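> Sharing model_27.txt here; it has compact mmCIF, C-alpha atoms.
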```txt
# COMPACT_ATOMS: atom_id res chain seq x y z
CA MET N 1 1.13 229.18 26.31
CA LYS N 2 4.35 227.92 27.87
CA ASN N 3 7.37 227.92 25.57
CA LEU N 4 9.65 224.89 25.70
CA VAL N 5 12.63 226.10 23.68
CA ILE N 6 15.32 223.87 22.20
CA LEU N 7 18.42 225.82 21.19
CA GLY N 8 20.20 223.85 18.47
CA GLY N 9 18.83 221.25 16.08
CA GLY N 10 21.82 218.92 15.99
CA TYR N 11 21.88 215.30 17.17
CA GLY N 12 20.85 216.11 20.73
CA GLY N 13 18.30 218.81 19.98
CA LEU N 14 16.60 216.70 17.31
CA LYS N 15 16.23 213.77 19.73
CA VAL N 16 14.64 216.07 22.31
CA LEU N 17 12.27 217.38 19.65
CA THR N 18 11.18 214.00 18.29
CA GLY N 19 10.81 212.60 21.79
CA LEU N 20 8.50 215.45 22.79
CA ILE N 21 6.48 215.25 19.56
CA ASN N 22 5.67 211.64 20.36
CA ALA N 23 4.86 212.38 24.02
CA ASN N 24 1.57 213.34 25.62
CA LEU N 25 2.13 217.01 26.53
CA PRO N 26 -0.36 219.47 28.01
CA ASP N 27 -2.21 221.63 25.49
CA ASP N 28 -0.64 224.81 26.86
CA VAL N 29 2.93 223.73 26.00
CA GLN N 30 4.43 224.86 22.70
CA ILE N 31 7.73 223.46 21.45
CA VAL N 32 10.08 225.94 19.76
CA LEU N 33 13.24 224.74 18.01
CA VAL N 34 15.86 227.37 17.24
CA ASP N 35 18.62 226.79 14.70
CA LYS N 36 20.52 228.93 12.23
CA ASN N 37 19.68 226.48 9.41
CA PRO N 38 16.21 225.35 8.27
CA TYR N 39 17.32 221.70 8.24
CA HIS N 40 19.08 219.12 10.39
CA SER N 41 22.58 218.26 9.17
CA TYR N 42 24.72 215.19 9.87
CA LYS N 43 27.90 216.60 11.30
CA THR N 44 29.65 213.23 11.32
CA GLU N 45 29.53 213.38 7.51
CA PHE N 46 30.91 216.89 7.03
CA HIS N 47 34.24 215.45 5.90
CA THR N 48 32.47 214.37 2.70
CA ILE N 49 31.44 217.97 2.05
CA VAL N 50 35.03 219.13 2.56
CA ALA N 51 36.30 216.50 0.12
CA GLY N 52 33.52 217.05 -2.41
CA THR N 53 32.43 213.40 -2.36
CA ALA N 54 28.84 214.14 -1.28
CA ALA N 55 26.25 216.74 -2.16
CA ASP N 56 24.66 219.02 0.43
CA THR N 57 21.42 217.11 0.18
CA ASP N 58 23.19 213.88 1.13
CA VAL N 59 24.08 215.17 4.60
CA ARG N 60 20.98 217.10 5.63
CA THR N 61 17.29 216.44 6.07
CA ALA N 62 14.16 218.46 6.78
CA TYR N 63 12.93 218.92 10.34
CA PRO N 64 9.69 217.12 11.18
CA THR N 65 6.45 219.04 10.77
CA ASN N 66 4.01 219.04 13.68
CA ASP N 67 1.25 221.39 14.79
CA ARG N 68 2.78 221.68 18.24
CA VAL N 69 6.21 222.72 16.94
CA HIS N 70 7.27 226.22 15.92
CA TYR N 71 10.63 226.80 14.21
CA GLU N 72 12.73 229.91 14.66
CA PHE N 73 15.66 230.14 12.24
CA GLY N 74 18.38 232.63 13.08
CA THR N 75 21.64 233.19 14.96
CA VAL N 76 21.39 233.53 18.74
CA ARG N 77 23.33 236.42 20.21
CA LYS N 78 22.70 236.18 23.94
CA ILE N 79 20.55 234.59 26.66
CA ASN N 80 19.15 236.76 29.46
CA LEU N 81 18.73 234.53 32.51
CA ASP N 82 16.92 237.25 34.50
CA THR N 83 14.11 237.74 31.99
CA ASN N 84 14.14 234.28 30.35
CA GLU N 85 14.72 235.90 26.97
CA ILE N 86 16.78 234.85 23.96
CA TYR N 87 18.23 237.61 21.77
CA PHE N 88 19.13 237.12 18.12
CA SER N 89 21.58 238.82 15.77
CA ASP N 90 18.41 240.22 14.21
CA LYS N 91 17.75 242.63 17.08
CA SER N 92 14.05 242.91 16.26
CA LYS N 93 13.60 239.28 17.29
CA VAL N 94 13.26 238.21 20.95
CA LEU N 95 12.07 234.82 22.19
CA THR N 96 10.96 234.02 25.74
CA TYR N 97 11.17 230.59 27.33
CA ASP N 98 9.67 228.73 30.25
CA TYR N 99 11.85 225.66 29.72
CA LEU N 100 15.13 225.81 27.83
CA VAL N 101 17.32 223.05 26.39
CA LEU N 102 20.85 224.09 25.45
CA SER N 103 22.07 221.82 22.65
CA LEU N 104 24.13 224.30 20.65
CA GLY N 105 27.04 222.01 19.82
CA CYS N 106 30.70 222.95 19.88
CA GLU N 107 33.23 225.26 18.27
CA ASP N 108 36.87 224.88 17.32
CA ALA N 109 39.44 225.33 20.08
CA TYR N 110 42.50 227.12 18.73
CA HIS N 111 44.59 226.90 21.92
CA GLY N 112 45.86 230.45 21.50
CA ILE N 113 47.82 229.58 18.35
CA GLU N 114 48.43 232.71 16.30
CA GLY N 115 46.67 232.76 12.93
CA ALA N 116 44.81 229.47 13.49
CA GLU N 117 41.32 230.96 13.59
CA LYS N 118 41.95 233.38 10.74
CA TYR N 119 43.74 231.14 8.26
CA THR N 120 42.25 227.66 8.70
CA GLU N 121 39.13 225.94 7.43
CA SER N 122 36.67 224.31 9.82
CA LEU N 123 34.16 221.45 10.03
CA GLN N 124 32.20 222.83 12.97
CA SER N 125 29.21 224.11 10.99
CA PHE N 126 27.59 223.22 7.68
CA SER N 127 28.42 226.61 6.18
CA ARG N 128 32.08 226.37 7.19
CA ALA N 129 32.37 222.81 5.88
CA ARG N 130 31.00 224.01 2.55
CA LYS N 131 33.53 226.85 2.54
CA ALA N 132 36.30 224.34 3.23
CA GLY N 133 34.96 222.14 0.44
CA ALA N 134 35.14 225.05 -2.00
CA ALA N 135 38.72 225.79 -0.96
CA VAL N 136 39.82 222.18 -1.46
CA GLY N 137 37.78 221.64 -4.61
CA ASN N 138 39.21 224.75 -6.27
CA LEU N 139 42.82 223.69 -5.79
CA LYS N 140 44.86 223.25 -8.92
CA ALA N 141 46.62 219.99 -9.69
CA TYR N 142 49.18 218.95 -7.06
CA GLY N 143 48.00 221.53 -4.55
CA LYS N 144 48.98 221.14 -0.90
CA VAL N 145 46.57 220.51 1.98
CA SER N 146 47.57 220.39 5.66
CA ILE N 147 45.20 218.95 8.25
CA VAL N 148 45.97 219.86 11.86
CA GLY N 149 44.79 217.18 14.27
CA ALA N 150 44.76 213.39 13.86
CA GLY N 151 41.67 212.46 15.81
CA LEU N 152 38.60 210.94 14.20
CA SER N 153 37.67 214.08 12.21
CA GLY N 154 41.20 214.67 10.94
CA ILE N 155 41.58 211.05 9.85
CA GLU N 156 38.30 211.05 7.95
CA VAL N 157 39.03 214.38 6.26
CA ALA N 158 42.49 213.29 5.13
CA ALA N 159 41.24 209.95 3.79
CA GLU N 160 38.21 211.42 2.04
CA ILE N 161 40.26 214.14 0.35
CA ARG N 162 42.80 211.57 -0.78
CA GLU N 163 40.06 209.45 -2.37
CA SER N 164 38.52 212.51 -3.99
CA ARG N 165 41.76 214.11 -5.23
CA PRO N 166 44.59 211.61 -5.90
CA ASP N 167 46.69 214.47 -7.27
CA LEU N 168 46.84 216.53 -4.08
CA ASN N 169 49.69 216.54 -1.58
CA ILE N 170 48.14 215.82 1.83
CA ARG N 171 49.88 216.27 5.16
CA LEU N 172 48.39 215.31 8.54
CA LEU N 173 49.86 216.89 11.67
CA ASP N 174 49.50 214.63 14.71
CA ARG N 175 50.31 215.90 18.20
CA GLY N 176 50.89 212.37 19.52
CA GLY N 177 53.09 209.47 18.56
CA SER N 178 50.30 207.59 16.79
CA VAL N 179 47.08 208.53 15.03
CA LEU N 180 43.80 207.82 16.85
CA LYS N 181 45.52 207.43 20.22
CA ALA N 182 42.13 206.82 21.91
CA PHE N 183 41.60 203.65 19.83
CA ASP N 184 42.92 200.11 20.04
CA PRO N 185 46.55 199.70 18.81
CA LYS N 186 45.23 197.34 16.10
CA ILE N 187 43.14 200.20 14.67
CA GLN N 188 45.98 202.69 15.02
CA ALA N 189 48.27 200.40 13.03
CA TYR N 190 45.62 199.75 10.37
CA VAL N 191 44.97 203.45 9.79
CA ALA N 192 48.69 204.30 9.82
CA ASP N 193 49.27 201.62 7.16
CA TRP N 194 46.36 202.98 5.09
CA PHE N 195 48.01 206.40 5.04
CA VAL N 196 51.35 204.93 3.96
CA LYS N 197 49.72 202.97 1.14
CA ASN N 198 47.71 205.99 0.02
CA ASP N 199 50.55 208.51 0.17
CA VAL N 200 49.28 210.71 3.00
CA GLU N 201 52.19 212.18 4.95
CA VAL N 202 51.77 212.02 8.74
CA LEU N 203 53.94 214.16 11.01
CA HIS N 204 53.89 212.85 14.59
CA HIS N 205 54.74 214.85 17.74
CA SER N 206 53.64 218.01 15.96
CA VAL N 207 53.65 221.33 17.80
CA VAL N 208 52.00 223.99 15.65
CA GLU N 209 53.49 227.35 16.58
CA TYR N 210 51.53 229.58 14.22
CA VAL N 211 49.50 229.49 11.02
CA GLU N 212 49.85 231.83 8.06
CA LYS N 213 47.75 232.32 4.95
CA ASP N 214 50.02 230.06 2.93
CA GLY N 215 51.44 227.67 5.48
CA VAL N 216 51.84 226.12 8.91
CA CYS N 217 54.86 226.47 11.18
CA ASN N 218 55.43 223.21 13.07
CA ASN N 219 58.37 222.46 15.36
CA GLY N 220 60.36 225.30 13.83
CA ILE N 221 59.72 224.22 10.24
CA CYS N 222 57.29 226.18 8.09
CA TYR N 223 55.43 224.08 5.52
CA VAL N 224 54.01 225.92 2.55
CA ASN N 225 50.51 224.79 1.64
CA ASP N 226 47.38 226.05 -0.08
CA VAL N 227 44.66 225.00 2.39
CA THR N 228 44.86 224.29 6.12
CA VAL N 229 42.00 222.37 7.77
CA TRP N 230 41.69 222.59 11.57
CA THR N 231 40.55 219.48 13.46
CA ALA N 232 42.66 219.96 16.59
CA GLY N 233 40.09 220.12 19.35
CA VAL N 234 36.75 221.65 20.26
CA GLN N 235 35.18 223.69 23.05
CA PRO N 236 31.60 224.45 24.17
CA HIS N 237 29.61 227.01 22.21
CA ALA N 238 30.41 230.67 22.98
CA ILE N 239 26.81 231.33 24.06
CA VAL N 240 27.13 228.64 26.73
CA ARG N 241 30.65 229.67 27.75
CA ALA N 242 29.30 233.15 28.50
CA LEU N 243 26.64 231.92 30.93
CA PRO N 244 27.51 232.18 34.67
CA PHE N 245 27.00 228.48 35.42
CA GLU N 246 29.40 226.19 37.21
CA LYS N 247 31.79 224.66 34.66
CA ASP N 248 34.29 221.82 34.67
CA ARG N 249 37.91 222.07 33.53
CA PHE N 250 36.78 221.81 29.91
CA ASN N 251 34.41 224.78 30.36
CA LYS N 252 31.36 222.50 30.15
CA VAL N 253 28.31 223.10 32.32
CA VAL N 254 27.97 220.99 35.45
CA THR N 255 24.37 219.78 35.86
CA ASN N 256 22.44 217.51 38.19
CA GLU N 257 21.50 213.94 37.22
CA PHE N 258 18.51 215.28 35.23
CA TYR N 259 20.72 217.52 33.03
CA GLN N 260 19.29 220.54 34.87
CA VAL N 261 21.42 223.52 35.85
CA PRO N 262 21.47 223.81 39.66
CA ASN N 263 19.43 226.85 40.80
CA ASN N 264 18.14 227.10 37.19
CA GLU N 265 16.30 223.80 36.94
CA HIS N 266 14.14 224.94 34.04
CA ILE N 267 17.36 224.97 31.96
CA TYR N 268 18.76 221.70 30.58
CA VAL N 269 22.17 221.18 28.97
CA ILE N 270 23.19 218.28 26.69
CA GLY N 271 25.78 217.31 24.10
CA ASP N 272 29.06 219.14 23.70
CA ASN N 273 28.14 221.70 26.36
CA VAL N 274 27.44 219.46 29.37
CA SER N 275 30.05 217.96 31.67
CA SER N 276 30.34 214.22 31.05
CA THR N 277 32.69 211.31 31.59
CA TYR N 278 32.46 210.62 27.85
CA SER N 279 34.13 212.45 24.99
CA PRO N 280 31.82 214.57 22.81
CA SER N 281 30.03 212.71 20.01
CA GLY N 282 26.81 212.79 18.06
CA GLN N 283 25.86 209.43 19.58
CA LEU N 284 26.27 210.76 23.14
CA ALA N 285 24.26 213.91 22.38
CA GLY N 286 21.47 211.84 20.85
CA LEU N 287 21.19 209.52 23.86
CA GLN N 288 21.18 212.48 26.23
CA GLY N 289 18.49 214.09 24.09
CA GLU N 290 16.29 211.02 24.41
CA GLN N 291 16.66 211.12 28.19
CA VAL N 292 15.89 214.83 28.42
CA ALA N 293 12.76 214.37 26.31
CA THR N 294 11.52 211.80 28.84
CA ILE N 295 12.43 214.03 31.79
CA LEU N 296 10.72 217.09 30.28
CA THR N 297 7.59 215.09 29.51
CA ASP N 298 7.29 214.27 33.22
CA VAL N 299 8.14 217.82 34.34
CA VAL N 300 5.59 219.63 32.14
CA ASN N 301 2.95 217.11 33.19
CA GLY N 302 3.62 217.81 36.86
CA ARG N 303 5.23 214.43 37.56
CA THR N 304 8.49 213.77 39.37
CA PRO N 305 10.95 212.52 36.73
CA LYS N 306 12.74 209.22 37.17
CA LYS N 307 16.52 209.19 37.39
CA PRO N 308 17.83 208.41 33.88
CA LYS N 309 19.73 205.18 33.36
CA GLU N 310 23.48 205.22 32.90
CA ILE N 311 24.34 205.87 29.26
CA LYS N 312 26.12 203.07 27.41
CA LEU N 313 27.68 203.97 24.09
CA ARG N 314 27.53 201.41 21.32
CA GLY N 315 30.94 202.26 19.89
CA THR N 316 32.65 204.56 17.39
CA LEU N 317 32.98 204.16 13.64
CA GLY N 318 35.20 205.99 11.16
CA SER N 319 35.62 205.94 7.40
CA LEU N 320 38.66 205.74 5.16
CA GLY N 321 36.97 206.77 1.95
CA LYS N 322 33.94 204.97 0.60
CA SER N 323 35.03 201.34 0.94
CA ASP N 324 37.29 201.14 3.98
CA GLY N 325 36.92 202.00 7.63
CA PHE N 326 37.58 201.23 11.28
CA GLY N 327 35.89 201.33 14.62
CA SER N 328 34.91 199.67 17.85
CA MET N 329 31.51 198.14 18.46
CA PHE N 330 30.49 196.32 21.63
CA GLN N 331 34.14 196.31 22.73
CA GLN N 332 35.28 194.69 19.49
CA SER N 333 37.80 196.38 17.18
CA LEU N 334 36.88 196.30 13.50
CA THR N 335 38.72 197.30 10.33
CA GLY N 336 37.98 197.15 6.62
CA LEU N 337 34.68 197.07 4.75
CA VAL N 338 32.40 195.93 7.61
CA PRO N 339 32.71 199.06 9.82
CA ARG N 340 32.42 201.24 6.71
CA LEU N 341 29.18 199.56 5.64
CA THR N 342 27.89 199.73 9.20
CA LYS N 343 28.50 203.46 9.33
CA SER N 344 26.68 203.92 6.02
CA GLY N 345 23.79 201.85 7.36
CA ILE N 346 23.51 203.99 10.48
CA LEU N 347 23.36 207.14 8.35
CA TRP N 348 20.65 205.54 6.18
CA LEU N 349 18.59 204.78 9.29
CA GLN N 350 19.08 208.29 10.68
CA LYS N 351 17.78 209.85 7.50
CA ARG N 352 14.62 207.77 7.66
CA HIS N 353 13.85 208.44 11.31
```
What would you get if you wrote out this structure as C-alpha cells?


Amino acid sequence: MKNLVILGGGYGGLKVLTGLINANLPDDVQIVLVDKNPYHSYKTEFHTIVAGTAADTDVRTAYPTNDRVHYEFGTVRKINLDTNEIYFSDKSKVLTYDYLVLSLGCEDAYHGIEGAEKYTESLQSFSRARKAGAAVGNLKAYGKVSIVGAGLSGIEVAAEIRESRPDLNIRLLDRGGSVLKAFDPKIQAYVADWFVKNDVEVLHHSVVEYVEKDGVCNNGICYVNDVTVWTAGVQPHAIVRALPFEKDRFNKVVTNEFYQVPNNEHIYVIGDNVSSTYSPSGQLAGLQGEQVATILTDVVNGRTPKKPKEIKLRGTLGSLGKSDGFGSMFQQSLTGLVPRLTKSGILWLQKRH
C-alpha cells in the first residue's frame, strides 16, 4: 500500500481529505490523516470559546468515516525527509509516507517580546483557546483583560468577551492608528464606534515592550491586568519552519504552481505554511486544499495534473458579538446584522458538509 499522509486536519487538510474520499483512487492508495485531536475544529470561532459564549461541541465536528481513510491522532515531533518518516512525541509511533500534505496551520509570533509566550493566552489551538476561556471565565467581577493585536482575531475576541461579561474592563492594544487597517475605512470607523459605545478601551500606536504575569508594559506605561490574550501575529508551524526548504520572508515554504516542494515533489504545502500573495485564512487554506485534492488524484492515477486556476477569495467576515458584524463580500463593504448572519450561515453549512 502507498500512504498518502495529510498532516493537519484543519480547513485545508479537511478539504484535501474530503476531495480524495470522493475521487477515484487506485486500490493500493491509503489515505492517512494525522491530527492531535480526534475531531475537526472551526478555528474562526475560537473567540467564542475564549469568551464562553459557545460550547466545545458548537465549534467542532467529527471527521468523516471511510474505509479508505486511517486516522492517526497524536503530536508530530519531526519529519525525516531522507527516510520519508514522521516521528511522534510518542516515540514508539512512526509513520511512513509516499505522498505528504503539510497543512499544519500556524503558531503565534511573539516578535521576541519578553514574557509574551509565557504570560499570554492564545487562540492558535483548541486546547489553548479552552485554557484562555477558563482564564477569562474565572475572572471575578470587574477583572481586567488586555488583548494585544487589533486584527480580525483581536477584534472578535474583544467584542465577544464584552458581550459575555459586561462587568469586565477590556483593553485592546493596536499597533496602528486604526483597528482593522486592512479593511475599508467605513468598516474601520464602524468597529471603532462599536468599541466606544460598548466601553472597550482601544490604545492605538501601541508598542508592547514586555509582558508580565499581571500586566503589559506598553510605550513605557505598565497596565495591570488579570488576563492577557495574544492576537498579534502568526508564523508557520515549527515542524515546517525546521524543514530545509526554500522559504519566503515570512518563513513560508516556496512551492511550484502545484503546491509541490521543488526537488521534493511528493510533498505538498498549503494554508498558513505556503508562500502566497494572500494573507492566511481558513478560506484560503480550504480552497488550496480543494486544488491539491484534484492534483493528487491525477498524480496517484499516473496522469499529468492540470495547472490549478487562480484562487479568488469571496471576502472576509467578522463578528461583533452575536447580532452585529462587518466584512467585505464581492468587493462590497458590509456592516451590521447582515454580515453577522452570513457568517453564521457559512458556519452552519460547514458543519453539514

> Please build the interface table for segment 320-353 of chain N against segment 24-45 of chain N with a cut-off of 12 Å, listing for each qualifying residue the nearest atom pair and the distance in Å to one decimal; count all atoms listed in the file, order rows by chain and increasing number, and write it as CSV.


```
residue,atom,partner,partner_atom,distance
N:Gly321,CA,N:Glu45,CA,11.4
N:Lys322,CA,N:Glu45,CA,11.7
N:Lys343,CA,N:Thr44,CA,10.0
N:Ser344,CA,N:Glu45,CA,10.0
N:Ile346,CA,N:Thr44,CA,11.1
N:Leu347,CA,N:Tyr42,CA,8.3
N:Trp348,CA,N:Tyr42,CA,11.1
N:Gln350,CA,N:Tyr42,CA,8.9
N:Lys351,CA,N:Tyr42,CA,9.1
N:His353,CA,N:His40,CA,11.9
```

> From the set N:Asn138, N:Thr75, N:Thr65, N:Ser146, which residue has the shortest atom-to-atom contact distance to Leu172 of chain N, counting all atoms listed in the file?

N:Ser146

> Taking only C-alpha atoms into account, which of N:Val300, N:Lys213, N:Val50, N:Leu152 comes nearest Lys2 of chain N?

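Smallest distance to Lys2 of chain N is found for N:Val300.
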
> Of the candidates N:Phe258, N:Phe245, N:Trp230, N:Tyr63, which one gets nearest to Val157 of chain N if we count all atoms listed in the file?

N:Trp230

> Neighbours of Ala285 of chain N within 8 Å (all atoms listed in the file; same-chain residues fewer than 4 positions away dropped), as a list of chain:residue names?

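Surrounding residues, per the criterion: N:Tyr11, N:Gly12, N:Ile270, N:Gly271, N:Asp272, N:Pro280, N:Ser281, N:Gly289.
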
> For atom CA of Ala132 of chain N and atom CA of Val200 of chain N, quote the distance in Å rounded to one decimal.

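Atom-to-atom, atom CA of Ala132 of chain N and atom CA of Val200 of chain N are spaced 18.8 Å apart.
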
> Here is a test: counting only C-alpha atoms, which residue of N:Asn84, N:Thr53, N:Gln288, N:Asn251 is nearest to Ile161 of chain N?

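So, comparing all the options, the nearest one is N:Thr53.
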
> Env of segment 120-130 of chain N: 8 Å cut, atoms = all atoms listed in the file, seq-sep filter 5 positions within chain, self excluded. Answer as number ranges by chain.

N: 41, 43, 46-47, 49-50, 106-108, 115, 211, 227-231

> Can you tell me how far atom CA of Arg314 of chain N sits from atom CA of Val292 of chain N, in Å to one decimal?

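Distance reported for this atom pair: 19.1 Å.
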
> So that I can see what lies close to Val5 of chain N, please list as number ranges by chain the residues with an atom at most 10 Å from it, counting all atoms listed in the file and leaving out residues fewer than 4 positions away in the same chain.

N: 13, 17, 30-34, 69-72, 86, 95-102, 267

> Write the selection just made, keeping C-alpha atoms, as a tab-separated table (two decimals), in the coordinates of the input?


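Output below, filename selection26.tsv:
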```tsv
chain	number	residue	atom	x	y	z
N	13	GLY	CA	18.30	218.81	19.98
N	17	LEU	CA	12.27	217.38	19.65
N	30	GLN	CA	4.43	224.86	22.70
N	31	ILE	CA	7.73	223.46	21.45
N	32	VAL	CA	10.08	225.94	19.76
N	33	LEU	CA	13.24	224.74	18.01
N	34	VAL	CA	15.86	227.37	17.24
N	69	VAL	CA	6.21	222.72	16.94
N	70	HIS	CA	7.27	226.22	15.92
N	71	TYR	CA	10.63	226.80	14.21
N	72	GLU	CA	12.73	229.91	14.66
N	86	ILE	CA	16.78	234.85	23.96
N	95	LEU	CA	12.07	234.82	22.19
N	96	THR	CA	10.96	234.02	25.74
N	97	TYR	CA	11.17	230.59	27.33
N	98	ASP	CA	9.67	228.73	30.25
N	99	TYR	CA	11.85	225.66	29.72
N	100	LEU	CA	15.13	225.81	27.83
N	101	VAL	CA	17.32	223.05	26.39
N	102	LEU	CA	20.85	224.09	25.45
N	267	ILE	CA	17.36	224.97	31.96
```

> Model the absent atoms of segment 329-342 of chain N so that N, CA and C atoms are present, and write the result as a short mmCIF file (atom, residue, chain, number, x, y, z; two decimals), in the coordinates of the input.


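Saved to rebuild-v9.cif:
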```cif
data_model
loop_
_atom_site.label_atom_id
_atom_site.label_comp_id
_atom_site.auth_asym_id
_atom_site.auth_seq_id
_atom_site.Cartn_x
_atom_site.Cartn_y
_atom_site.Cartn_z
N MET N 329 32.92 198.37 18.18
CA MET N 329 31.51 198.14 18.46
C MET N 329 31.39 197.01 19.48
N PHE N 330 30.68 197.31 20.57
CA PHE N 330 30.49 196.32 21.63
C PHE N 330 31.82 195.73 22.07
N GLN N 331 32.80 196.65 22.24
CA GLN N 331 34.14 196.31 22.73
C GLN N 331 34.95 195.44 21.77
N GLN N 332 34.53 195.41 20.51
CA GLN N 332 35.28 194.69 19.49
C GLN N 332 35.87 195.68 18.48
N SER N 333 37.15 195.52 18.16
CA SER N 333 37.80 196.38 17.18
C SER N 333 37.58 195.83 15.78
N LEU N 334 37.18 196.70 14.86
CA LEU N 334 36.88 196.30 13.50
C LEU N 334 37.64 197.16 12.51
N THR N 335 38.07 196.56 11.41
CA THR N 335 38.72 197.30 10.33
C THR N 335 38.24 196.75 9.00
N GLY N 336 38.33 197.60 7.95
CA GLY N 336 37.98 197.15 6.62
C GLY N 336 36.60 197.58 6.17
N LEU N 337 35.96 196.73 5.38
CA LEU N 337 34.68 197.07 4.75
C LEU N 337 33.51 197.03 5.74
N VAL N 338 33.54 196.11 6.71
CA VAL N 338 32.40 195.93 7.61
C VAL N 338 32.09 197.20 8.41
N PRO N 339 33.05 197.83 9.10
CA PRO N 339 32.71 199.06 9.82
C PRO N 339 32.28 200.19 8.89
N ARG N 340 32.83 200.19 7.66
CA ARG N 340 32.42 201.24 6.71
C ARG N 340 30.97 201.05 6.30
N LEU N 341 30.57 199.83 6.00
CA LEU N 341 29.18 199.56 5.64
C LEU N 341 28.24 199.81 6.82
N THR N 342 28.71 199.48 8.01
CA THR N 342 27.89 199.73 9.20
C THR N 342 27.64 201.21 9.40
#
```
